Structure formats: structure tokens, C-alpha cells
>>> print(open('target24.cif').read())   # mmCIF, C-alpha atoms
data_final
loop_
_atom_site.group_PDB
_atom_site.id
_atom_site.type_symbol
_atom_site.label_atom_id
_atom_site.label_comp_id
_atom_site.auth_asym_id
_atom_site.auth_seq_id
_atom_site.Cartn_x
_atom_site.Cartn_y
_atom_site.Cartn_z
ATOM 1 C CA MET H 1174 -23.633 -31.833 -38.057
ATOM 2 C CA LEU H 1175 -23.804 -34.329 -40.906
ATOM 3 C CA HIS H 1176 -24.123 -37.126 -38.369
ATOM 4 C CA ILE H 1177 -27.219 -35.481 -36.826
ATOM 5 C CA LEU H 1178 -28.842 -34.953 -40.225
ATOM 6 C CA ARG H 1179 -28.326 -38.665 -41.122
ATOM 7 C CA GLN H 1180 -29.872 -39.699 -37.811
ATOM 8 C CA ILE H 1181 -32.905 -37.460 -38.461
ATOM 9 C CA ALA H 1182 -33.316 -38.941 -41.942
ATOM 10 C CA ARG H 1183 -33.120 -42.525 -40.593
ATOM 11 C CA THR H 1184 -35.498 -41.935 -37.687
ATOM 12 C CA GLY H 1185 -38.108 -39.927 -39.546
ATOM 13 C CA ILE H 1186 -40.862 -37.912 -37.909
ATOM 14 C CA ARG H 1187 -42.159 -39.345 -34.661
ATOM 15 C CA THR H 1188 -44.792 -37.400 -32.764
ATOM 16 C CA GLU H 1189 -47.480 -38.213 -30.293
ATOM 17 C CA ALA H 1190 -51.124 -38.188 -31.253
ATOM 18 C CA PRO H 1191 -52.780 -34.875 -30.411
ATOM 19 C CA PRO H 1192 -54.653 -34.889 -27.091
ATOM 20 C CA SER H 1193 -58.417 -35.278 -27.172
ATOM 21 C CA PRO H 1194 -60.443 -32.221 -26.141
ATOM 22 C CA ALA H 1195 -61.088 -31.915 -22.430
ATOM 23 C CA ASP H 1196 -64.526 -32.753 -21.095
ATOM 24 C CA GLU H 1197 -64.876 -29.065 -20.232
ATOM 25 C CA ALA H 1198 -64.762 -28.187 -23.943
ATOM 26 C CA HIS H 1199 -67.999 -30.108 -24.479
ATOM 27 C CA ASP H 1200 -69.582 -28.444 -21.427
ATOM 28 C CA ILE H 1201 -68.550 -24.989 -22.639
ATOM 29 C CA GLY H 1202 -70.082 -25.551 -26.078
ATOM 30 C CA ARG H 1203 -73.320 -26.733 -24.488
ATOM 31 C CA LEU H 1204 -73.327 -23.852 -22.014
ATOM 32 C CA SER H 1205 -72.688 -21.239 -24.689
ATOM 33 C CA ALA H 1206 -75.656 -22.528 -26.699
ATOM 34 C CA ALA H 1207 -77.830 -22.463 -23.573
ATOM 35 C CA VAL H 1208 -76.739 -18.918 -22.669
ATOM 36 C CA ARG H 1209 -77.558 -17.678 -26.169
ATOM 37 C CA ARG H 1210 -80.946 -19.401 -25.984
ATOM 38 C CA VAL H 1211 -81.828 -17.984 -22.543
ATOM 39 C CA LEU H 1212 -80.551 -14.415 -22.957
ATOM 40 C CA GLY H 1213 -82.621 -12.029 -24.974
ATOM 41 C CA ARG H 1214 -80.044 -9.278 -24.389
ATOM 42 C CA ALA H 1215 -76.616 -8.890 -22.856
ATOM 43 C CA LEU H 1216 -76.232 -9.879 -19.220
ATOM 44 C CA THR H 1217 -74.191 -7.447 -17.145
ATOM 45 C CA ILE H 1218 -72.383 -8.602 -14.019
ATOM 46 C CA ARG H 1219 -70.945 -6.625 -11.108
ATOM 47 C CA MET H 1220 -68.325 -8.687 -9.294
ATOM 48 C CA VAL H 1221 -67.951 -7.949 -5.565
ATOM 49 C CA ASP H 1222 -65.013 -9.222 -3.506
ATOM 50 C CA ALA H 1223 -66.381 -9.298 0.022
ATOM 51 C CA GLY H 1224 -63.159 -10.516 1.626
ATOM 52 C CA SER H 1225 -61.885 -13.481 -0.396
ATOM 53 C CA CYS H 1226 -58.360 -14.858 -0.833
ATOM 54 C CA ASN H 1227 -58.590 -14.042 -4.593
ATOM 55 C CA GLY H 1228 -58.707 -17.696 -5.671
ATOM 56 C CA CYS H 1229 -62.254 -17.245 -6.961
ATOM 57 C CA GLU H 1230 -61.307 -13.997 -8.691
ATOM 58 C CA LEU H 1231 -58.582 -15.787 -10.655
ATOM 59 C CA GLU H 1232 -61.165 -18.280 -11.936
ATOM 60 C CA ILE H 1233 -63.608 -15.467 -12.728
ATOM 61 C CA ASN H 1234 -60.863 -13.678 -14.685
ATOM 62 C CA ALA H 1235 -60.326 -16.900 -16.655
ATOM 63 C CA LEU H 1236 -63.873 -16.506 -17.983
ATOM 64 C CA GLY H 1237 -62.587 -13.617 -20.107
ATOM 65 C CA ASN H 1238 -59.931 -15.647 -21.936
ATOM 66 C CA PRO H 1239 -60.541 -17.003 -25.468
ATOM 67 C CA TYR H 1240 -61.251 -20.529 -24.187
ATOM 68 C CA TYR H 1241 -64.362 -19.516 -22.217
ATOM 69 C CA ASN H 1242 -65.105 -16.282 -24.148
ATOM 70 C CA LEU H 1243 -67.658 -14.780 -21.782
ATOM 71 C CA GLU H 1244 -67.982 -11.639 -23.910
ATOM 72 C CA GLY H 1245 -68.805 -13.782 -26.931
ATOM 73 C CA LEU H 1246 -71.743 -15.210 -24.994
ATOM 74 C CA GLY H 1247 -73.203 -11.740 -24.479
ATOM 75 C CA ILE H 1248 -72.110 -11.531 -20.832
ATOM 76 C CA ARG H 1249 -69.922 -8.675 -19.622
ATOM 77 C CA PHE H 1250 -68.674 -7.161 -16.394
ATOM 78 C CA VAL H 1251 -69.559 -3.592 -15.441
ATOM 79 C CA ALA H 1252 -68.003 -1.198 -12.947
ATOM 80 C CA SER H 1253 -71.233 0.142 -11.465
ATOM 81 C CA PRO H 1254 -73.966 -1.836 -9.726
ATOM 82 C CA ARG H 1255 -76.438 0.614 -11.291
ATOM 83 C CA HIS H 1256 -75.736 -1.018 -14.666
ATOM 84 C CA ALA H 1257 -75.731 -4.636 -13.407
ATOM 85 C CA ASP H 1258 -78.283 -7.416 -13.701
ATOM 86 C CA LEU H 1259 -76.333 -9.914 -11.603
ATOM 87 C CA LEU H 1260 -74.052 -9.612 -8.577
ATOM 88 C CA LEU H 1261 -71.245 -12.190 -8.435
ATOM 89 C CA VAL H 1262 -70.055 -12.164 -4.803
ATOM 90 C CA THR H 1263 -66.900 -13.937 -3.622
ATOM 91 C CA GLY H 1264 -65.436 -14.609 -0.218
ATOM 92 C CA PRO H 1265 -66.734 -14.655 3.304
ATOM 93 C CA VAL H 1266 -68.190 -11.242 4.034
ATOM 94 C CA SER H 1267 -65.856 -9.355 6.333
ATOM 95 C CA LYS H 1268 -67.541 -7.020 8.816
ATOM 96 C CA HIS H 1269 -66.000 -4.038 7.016
ATOM 97 C CA MET H 1270 -67.505 -5.165 3.679
ATOM 98 C CA ALA H 1271 -70.998 -5.968 4.961
ATOM 99 C CA ILE H 1272 -72.252 -2.379 4.610
ATOM 100 C CA ALA H 1273 -70.604 -1.950 1.188
ATOM 101 C CA LEU H 1274 -72.154 -5.226 -0.025
ATOM 102 C CA ARG H 1275 -75.584 -4.163 1.222
ATOM 103 C CA ARG H 1276 -75.233 -0.774 -0.519
ATOM 104 C CA THR H 1277 -74.121 -2.473 -3.748
ATOM 105 C CA TYR H 1278 -77.156 -4.759 -3.558
ATOM 106 C CA ASP H 1279 -79.482 -1.803 -2.930
ATOM 107 C CA ALA H 1280 -77.961 0.135 -5.875
ATOM 108 C CA THR H 1281 -78.566 -2.755 -8.290
ATOM 109 C CA PRO H 1282 -81.835 -2.254 -10.202
ATOM 110 C CA GLU H 1283 -84.662 -4.790 -10.047
ATOM 111 C CA PRO H 1284 -84.853 -7.571 -11.054
ATOM 112 C CA LYS H 1285 -81.487 -8.375 -9.512
ATOM 113 C CA ILE H 1286 -79.815 -11.751 -9.219
ATOM 114 C CA VAL H 1287 -77.150 -12.686 -6.666
ATOM 115 C CA VAL H 1288 -74.686 -15.554 -7.133
ATOM 116 C CA ALA H 1289 -72.489 -16.548 -4.170
ATOM 117 C CA VAL H 1290 -69.172 -17.946 -5.401
ATOM 118 C CA GLY H 1291 -66.852 -20.418 -3.681
ATOM 119 C CA ASP H 1292 -67.125 -22.285 -0.423
ATOM 120 C CA CYS H 1293 -66.527 -19.061 1.496
ATOM 121 C CA GLY H 1294 -69.359 -17.219 -0.249
ATOM 122 C CA CYS H 1295 -71.724 -20.192 0.063
ATOM 123 C CA HIS H 1296 -70.975 -21.393 3.593
ATOM 124 C CA GLY H 1297 -68.351 -19.124 5.124
ATOM 125 C CA GLY H 1298 -65.552 -21.572 4.233
ATOM 126 C CA ILE H 1299 -62.794 -22.007 6.785
ATOM 127 C CA PHE H 1300 -63.504 -18.538 8.149
ATOM 128 C CA GLY H 1301 -67.153 -18.989 9.125
ATOM 129 C CA GLU H 1302 -68.478 -16.325 11.451
ATOM 130 C CA SER H 1303 -65.997 -14.619 13.741
ATOM 131 C CA TYR H 1304 -65.075 -11.287 15.282
ATOM 132 C CA ALA H 1305 -63.987 -10.034 11.825
ATOM 133 C CA CYS H 1306 -66.291 -11.987 9.533
ATOM 134 C CA VAL H 1307 -70.063 -12.097 9.038
ATOM 135 C CA GLY H 1308 -69.702 -15.415 7.170
ATOM 136 C CA ARG H 1309 -71.682 -16.463 4.092
ATOM 137 C CA VAL H 1310 -73.094 -13.945 1.617
ATOM 138 C CA SER H 1311 -76.686 -14.917 2.467
ATOM 139 C CA ASN H 1312 -76.131 -13.534 5.987
ATOM 140 C CA VAL H 1313 -76.040 -10.050 4.424
ATOM 141 C CA ILE H 1314 -78.097 -10.150 1.189
ATOM 142 C CA PRO H 1315 -80.476 -12.699 -0.389
ATOM 143 C CA VAL H 1316 -78.695 -15.244 -2.620
ATOM 144 C CA ASP H 1317 -80.320 -16.839 -5.671
ATOM 145 C CA VAL H 1318 -77.629 -19.361 -6.663
ATOM 146 C CA GLU H 1319 -74.574 -20.801 -4.916
ATOM 147 C CA VAL H 1320 -71.528 -22.060 -6.827
ATOM 148 C CA PRO H 1321 -69.470 -24.195 -4.411
ATOM 149 C CA GLY H 1322 -65.804 -25.056 -4.814
ATOM 150 C CA CYS H 1323 -62.500 -23.807 -3.517
ATOM 151 C CA PRO H 1324 -62.192 -22.226 -5.998
ATOM 152 C CA PRO H 1325 -64.923 -23.267 -8.429
ATOM 153 C CA THR H 1326 -63.785 -23.926 -11.992
ATOM 154 C CA PRO H 1327 -64.660 -21.443 -14.739
ATOM 155 C CA THR H 1328 -67.068 -24.036 -16.154
ATOM 156 C CA ALA H 1329 -68.821 -24.286 -12.777
ATOM 157 C CA LEU H 1330 -69.024 -20.475 -12.719
ATOM 158 C CA LEU H 1331 -70.606 -20.470 -16.180
ATOM 159 C CA ARG H 1332 -73.084 -23.111 -15.027
ATOM 160 C CA GLY H 1333 -73.891 -20.973 -11.986
ATOM 161 C CA ILE H 1334 -74.494 -17.887 -14.114
ATOM 162 C CA LEU H 1335 -76.705 -19.918 -16.437
ATOM 163 C CA ALA H 1336 -78.600 -21.357 -13.467
ATOM 164 C CA ALA H 1337 -79.111 -17.848 -12.125
ATOM 165 C CA ILE H 1338 -80.668 -16.531 -15.325
ATOM 166 C CA THR H 1339 -82.755 -19.662 -15.874
ATOM 167 C CA PRO H 1340 -85.903 -19.710 -13.714
ATOM 168 C CA ARG H 1341 -85.220 -22.381 -11.064
ATOM 169 C CA GLY H 1342 -86.222 -20.825 -7.787
ATOM 170 C CA PRO H 1343 -84.206 -19.232 -4.984
ATOM 171 C CA GLY H 1344 -81.529 -21.109 -3.093
ATOM 172 C CA ALA H 1345 -80.328 -23.225 -6.029
ATOM 173 C CA THR H 1346 -76.924 -24.847 -5.762
ATOM 174 C CA VAL H 1347 -74.735 -25.682 -8.716
ATOM 175 C CA PRO H 1348 -72.695 -28.874 -8.329
ATOM 176 C CA PRO H 1349 -68.997 -28.398 -9.091
ATOM 177 C CA VAL H 1350 -67.722 -29.596 -12.475
ATOM 178 C CA GLY H 1351 -64.385 -31.366 -12.238
ATOM 179 C CA GLY H 1352 -61.543 -29.788 -10.251
ATOM 180 C CA GLY H 1353 -62.337 -27.203 -7.608
ATOM 181 C CA GLY H 1354 -63.530 -28.030 -4.095
#
>>> encode(input="target24.cif", output="C-alpha cells")
Amino acid sequence: MLHILRQIARTGIRTEAPPSPADEAHDIGRLSAAVRRVLGRALTIRMVDAGSCNGCELEINALGNPYYNLEGLGIRFVASPRHADLLLVTGPVSKHMAIALRRTYDATPEPKIVVAVGDCGCHGGIFGESYACVGRVSNVIPVDVEVPGCPPTPTALLRGILAAITPRGPGATVPPVGGGG
């Protein structure tokens, strides 16, 4: 034991320099300021899984962690489409979910915004249109913004939400930010 203590005393403290913040940290700070500037009130989101593999849902769930702090931006998820301003739709729409997605869209009060998430939601992904799948979200309901990626990063999702609430016109596409697709 004494030998180890002498070695520690001779060597001293040797540590690596702390890592620099990720590029996403700068994007998140900029996005949070933009969301606060654009929103006059809280934005409520209803997330709809129309048949995805759950990769996009994992990234959406990451938006709730302290790093992205979606609630701190005044954005929250709701259980009922009747309380939602924005529909966040993931996955290729399976034929069984097409009616449910249409009903969810119809139950959302005007003005409603739809964001298609992931390559499957935007373009049908590897599933496309088949005997069990209607394909992209826009085949069932009108889409305002598409967030591509497989899965898109949480930062790309935040950018997509911001693009959806910022007047830009229908059919906007958000380029992926690092990682994802």
C-alpha cells in the first residue's frame, strides 16, 4: 500500500483536458432562443406512431431529457389530439393505421400542423407502398414539414418543429443535422 501511495505522490495528477461542447450544443441554444421568440404560448404536440420501427420514437423521447429540455422551451406532448397544435407522425402508414391517423388529424383543432418524421414518414422508407402499407404520411393527411433521417437526431427534430411553427409554406423539408440518415 505504501508503495502505491509513493507512486501517486511521484506521478501527481494527470488528467485529460475536458472535451469541448458538441456542435449540437450550439444548435440547441440557438434553437431554444428561436422557439421562445416564435411561440407566444405553449406548443402542444400529439405524437402518432403510424407503423414505425420505434427508432424515431427513441429520438423523440430524447427531446424530454435535460440536454434538449423540450418542456423548458414551452413545448409539451399531450395525450389527446383535441388538445394538440401539431401532429408529429412517425413511420410508414400501415393500412390498419390509415383510418386512425385520418381520425386523429380530423380531431385536431384548426390551425393544425403536421410534421412527418424519419425517412419512412417522409418517403415510405424501405417499406414504401405495399399490401400492408400505404407509404408516406402525405398519402393519408397533408404534411407541412418533413424531417428526414433514419432516425433523425433530436436536434433535427427540434429544427423541424421550429420550421413547422415558423411561416415557411407547405411541403418544407428540414435537412438533417449530423448523424441520422
>>> closest_residue(input="target24.cif", among="H:Arg1183, H:Asp1292, H:Phe1250, H:Glu1283", to="Gly1237 (chain H)", atoms="all atoms listed in the file")
H:Phe1250
>>> closest_residue(input="target24.cif", among="H:Gly1264, H:Arg1179, H:His1269, H:Tyr1304", to="Pro1321 (chain H)", atoms="all atoms listed in the file")
H:Gly1264
>>> residues_around(input="target24.cif", residues="Ser1225 (chain H)", least_positions_apart="4", cutoff="9 Å", atoms="only C-alpha atoms", output="count of residues only")
9
>>> residues_around(input="target24.cif", residues="Pro1282 (chain H)", least_positions_apart="4", cutoff="9 Å", atoms="all atoms listed in the file", output="PDB file with C-alpha atoms, in the coordinates of the input")
ATOM      1  CA  PRO H1254     -73.966  -1.836  -9.726  1.00  0.00           C
ATOM      2  CA  ARG H1255     -76.438   0.614 -11.291  1.00  0.00           C
ATOM      3  CA  HIS H1256     -75.736  -1.018 -14.666  1.00  0.00           C
ATOM      4  CA  ALA H1257     -75.731  -4.636 -13.407  1.00  0.00           C
ATOM      5  CA  ASP H1258     -78.283  -7.416 -13.701  1.00  0.00           C
ATOM      6  CA  TYR H1278     -77.156  -4.759  -3.558  1.00  0.00           C
TER       7      TYR H1278
END
>>> closest_residue(input="target24.cif", among="H:Lys1268, H:Pro1315, H:Asn1234, H:Cys1226", to="Ser1303 (chain H)", atoms="only C-alpha atoms")
H:Lys1268
>>> atom_distance(input="target24.cif", atom1="CA of Ala1223 (chain H)", atom2="CA of Asn1242 (chain H)")
25.2 Å
>>> atom_distance(input="target24.cif", atom1="CA of Gly1291 (chain H)", atom2="CA of Cys1323 (chain H)")
5.5 Å
>>> residues_around(input="target24.cif", residues="Leu1274 (chain H)", least_positions_apart="3", cutoff="10 Å", atoms="all atoms listed in the file", output="PDB file with C-alpha atoms, keeping the file's coordinate frame")
ATOM      1  CA  VAL H1221     -67.951  -7.949  -5.565  1.00  0.00           C
ATOM      2  CA  ASP H1222     -65.013  -9.222  -3.506  1.00  0.00           C
ATOM      3  CA  ALA H1223     -66.381  -9.298   0.022  1.00  0.00           C
ATOM      4  CA  LEU H1260     -74.052  -9.612  -8.577  1.00  0.00           C
ATOM      5  CA  VAL H1262     -70.055 -12.164  -4.803  1.00  0.00           C
ATOM      6  CA  VAL H1266     -68.190 -11.242   4.034  1.00  0.00           C
ATOM      7  CA  SER H1267     -65.856  -9.355   6.333  1.00  0.00           C
ATOM      8  CA  HIS H1269     -66.000  -4.038   7.016  1.00  0.00           C
ATOM      9  CA  MET H1270     -67.505  -5.165   3.679  1.00  0.00           C
ATOM     10  CA  ALA H1271     -70.998  -5.968   4.961  1.00  0.00           C
ATOM     11  CA  THR H1277     -74.121  -2.473  -3.748  1.00  0.00           C
ATOM     12  CA  TYR H1278     -77.156  -4.759  -3.558  1.00  0.00           C
ATOM     13  CA  ASP H1279     -79.482  -1.803  -2.930  1.00  0.00           C
ATOM     14  CA  ALA H1280     -77.961   0.135  -5.875  1.00  0.00           C
ATOM     15  CA  VAL H1310     -73.094 -13.945   1.617  1.00  0.00           C
ATOM     16  CA  VAL H1313     -76.040 -10.050   4.424  1.00  0.00           C
ATOM     17  CA  ILE H1314     -78.097 -10.150   1.189  1.00  0.00           C
TER      18      ILE H1314
END
>>> resolve_selection(input="target24.cif", expression="the PyMOL selection byres ((chain H and resi 1248) around 7)", output="number ranges by chain")
H: 1215-1217, 1243-1244, 1246-1247, 1249
>>> residues_around(input="target24.cif", residues="Val1288 (chain H)", least_positions_apart="5", cutoff="10 Å", atoms="all atoms listed in the file", output="CSV table (one decimal) with C-alpha atoms, in the coordinates of the input")
chain,number,residue,atom,x,y,z
H,1220,MET,CA,-68.3,-8.7,-9.3
H,1259,LEU,CA,-76.3,-9.9,-11.6
H,1260,LEU,CA,-74.1,-9.6,-8.6
H,1261,LEU,CA,-71.2,-12.2,-8.4
H,1262,VAL,CA,-70.1,-12.2,-4.8
H,1263,THR,CA,-66.9,-13.9,-3.6
H,1294,GLY,CA,-69.4,-17.2,-0.2
H,1295,CYS,CA,-71.7,-20.2,0.1
H,1310,VAL,CA,-73.1,-13.9,1.6
H,1311,SER,CA,-76.7,-14.9,2.5
H,1315,PRO,CA,-80.5,-12.7,-0.4
H,1316,VAL,CA,-78.7,-15.2,-2.6
H,1317,ASP,CA,-80.3,-16.8,-5.7
H,1318,VAL,CA,-77.6,-19.4,-6.7
H,1319,GLU,CA,-74.6,-20.8,-4.9
H,1320,VAL,CA,-71.5,-22.1,-6.8
H,1330,LEU,CA,-69.0,-20.5,-12.7
H,1333,GLY,CA,-73.9,-21.0,-12.0
H,1334,ILE,CA,-74.5,-17.9,-14.1
H,1336,ALA,CA,-78.6,-21.4,-13.5
H,1337,ALA,CA,-79.1,-17.8,-12.1
H,1344,GLY,CA,-81.5,-21.1,-3.1
H,1345,ALA,CA,-80.3,-23.2,-6.0
H,1346,THR,CA,-76.9,-24.8,-5.8
>>> closest_residue(input="target24.cif", among="H:Ile1338, H:Ile1233, H:Ala1329, H:Leu1178", to="Ile1286 (chain H)", atoms="all atoms listed in the file")
H:Ile1338
>>> atom_distance(input="target24.cif", atom1="CA of Tyr1241 (chain H)", atom2="CA of Pro1327 (chain H)")
7.7 Å
>>> axis_aligned_box(input="target24.cif", around="region 1272-1285 of chain H", padding_each_side="6 Å", output="lines of an AutoDock Vina configuration file")
center_x = -77.7
center_y = -4.1
center_z = -3.2
size_x = 26.2
size_y = 20.5
size_z = 27.7
>>> closest_residue(input="target24.cif", among="H:Ser1253, H:Thr1184, H:Thr1326, H:Asn1238", to="Ile1218 (chain H)", atoms="only C-alpha atoms")
H:Ser1253
>>> decode(input="target24.cif", residues="region 1210-1256 of chain H", atoms="C-alpha atoms", output="mmCIF file, in the first residue's frame")
data_model
loop_
_atom_site.group_PDB
_atom_site.id
_atom_site.type_symbol
_atom_site.label_atom_id
_atom_site.label_comp_id
_atom_site.auth_asym_id
_atom_site.auth_seq_id
_atom_site.Cartn_x
_atom_site.Cartn_y
_atom_site.Cartn_z
ATOM 1 C CA ARG H 1210 -39.091 34.110 -29.892
ATOM 2 C CA VAL H 1211 -41.615 32.406 -32.204
ATOM 3 C CA LEU H 1212 -44.003 30.951 -29.611
ATOM 4 C CA GLY H 1213 -46.419 33.281 -27.942
ATOM 5 C CA ARG H 1214 -47.801 30.387 -25.875
ATOM 6 C CA ALA H 1215 -47.037 26.746 -25.238
ATOM 7 C CA LEU H 1216 -46.994 24.442 -28.243
ATOM 8 C CA THR H 1217 -48.737 21.119 -27.692
ATOM 9 C CA ILE H 1218 -47.790 18.066 -29.730
ATOM 10 C CA ARG H 1219 -49.632 14.790 -30.300
ATOM 11 C CA MET H 1220 -47.198 12.097 -31.409
ATOM 12 C CA VAL H 1221 -48.665 9.391 -33.672
ATOM 13 C CA ASP H 1222 -46.834 6.144 -34.442
ATOM 14 C CA ALA H 1223 -48.315 5.064 -37.753
ATOM 15 C CA GLY H 1224 -46.284 1.865 -38.024
ATOM 16 C CA SER H 1225 -42.640 2.721 -37.320
ATOM 17 C CA CYS H 1226 -39.793 0.561 -36.000
ATOM 18 C CA ASN H 1227 -39.587 2.858 -32.912
ATOM 19 C CA GLY H 1228 -36.216 4.347 -33.888
ATOM 20 C CA CYS H 1229 -37.817 7.761 -34.366
ATOM 21 C CA GLU H 1230 -39.722 7.425 -31.095
ATOM 22 C CA LEU H 1231 -36.463 6.892 -29.202
ATOM 23 C CA GLU H 1232 -35.119 10.161 -30.629
ATOM 24 C CA ILE H 1233 -38.392 11.945 -29.847
ATOM 25 C CA ASN H 1234 -38.195 10.663 -26.258
ATOM 26 C CA ALA H 1235 -34.668 12.105 -26.058
ATOM 27 C CA LEU H 1236 -36.210 15.555 -26.534
ATOM 28 C CA GLY H 1237 -37.552 15.271 -22.981
ATOM 29 C CA ASN H 1238 -34.155 14.758 -21.334
ATOM 30 C CA PRO H 1239 -32.313 17.649 -19.620
ATOM 31 C CA TYR H 1240 -29.947 18.134 -22.576
ATOM 32 C CA TYR H 1241 -32.710 19.117 -25.022
ATOM 33 C CA ASN H 1242 -35.292 20.203 -22.396
ATOM 34 C CA LEU H 1243 -38.337 20.417 -24.645
ATOM 35 C CA GLU H 1244 -40.602 21.320 -21.721
ATOM 36 C CA GLY H 1245 -38.317 24.225 -20.860
ATOM 37 C CA LEU H 1246 -38.903 25.593 -24.354
ATOM 38 C CA GLY H 1247 -42.658 25.693 -23.780
ATOM 39 C CA ILE H 1248 -43.333 22.595 -25.896
ATOM 40 C CA ARG H 1249 -45.144 19.598 -24.429
ATOM 41 C CA PHE H 1250 -46.758 16.370 -25.544
ATOM 42 C CA VAL H 1251 -50.462 15.743 -24.981
ATOM 43 C CA ALA H 1252 -52.498 12.546 -24.986
ATOM 44 C CA SER H 1253 -55.464 13.850 -26.968
ATOM 45 C CA PRO H 1254 -55.436 15.293 -30.478
ATOM 46 C CA ARG H 1255 -58.203 17.642 -29.303
ATOM 47 C CA HIS H 1256 -55.592 19.488 -27.225
#
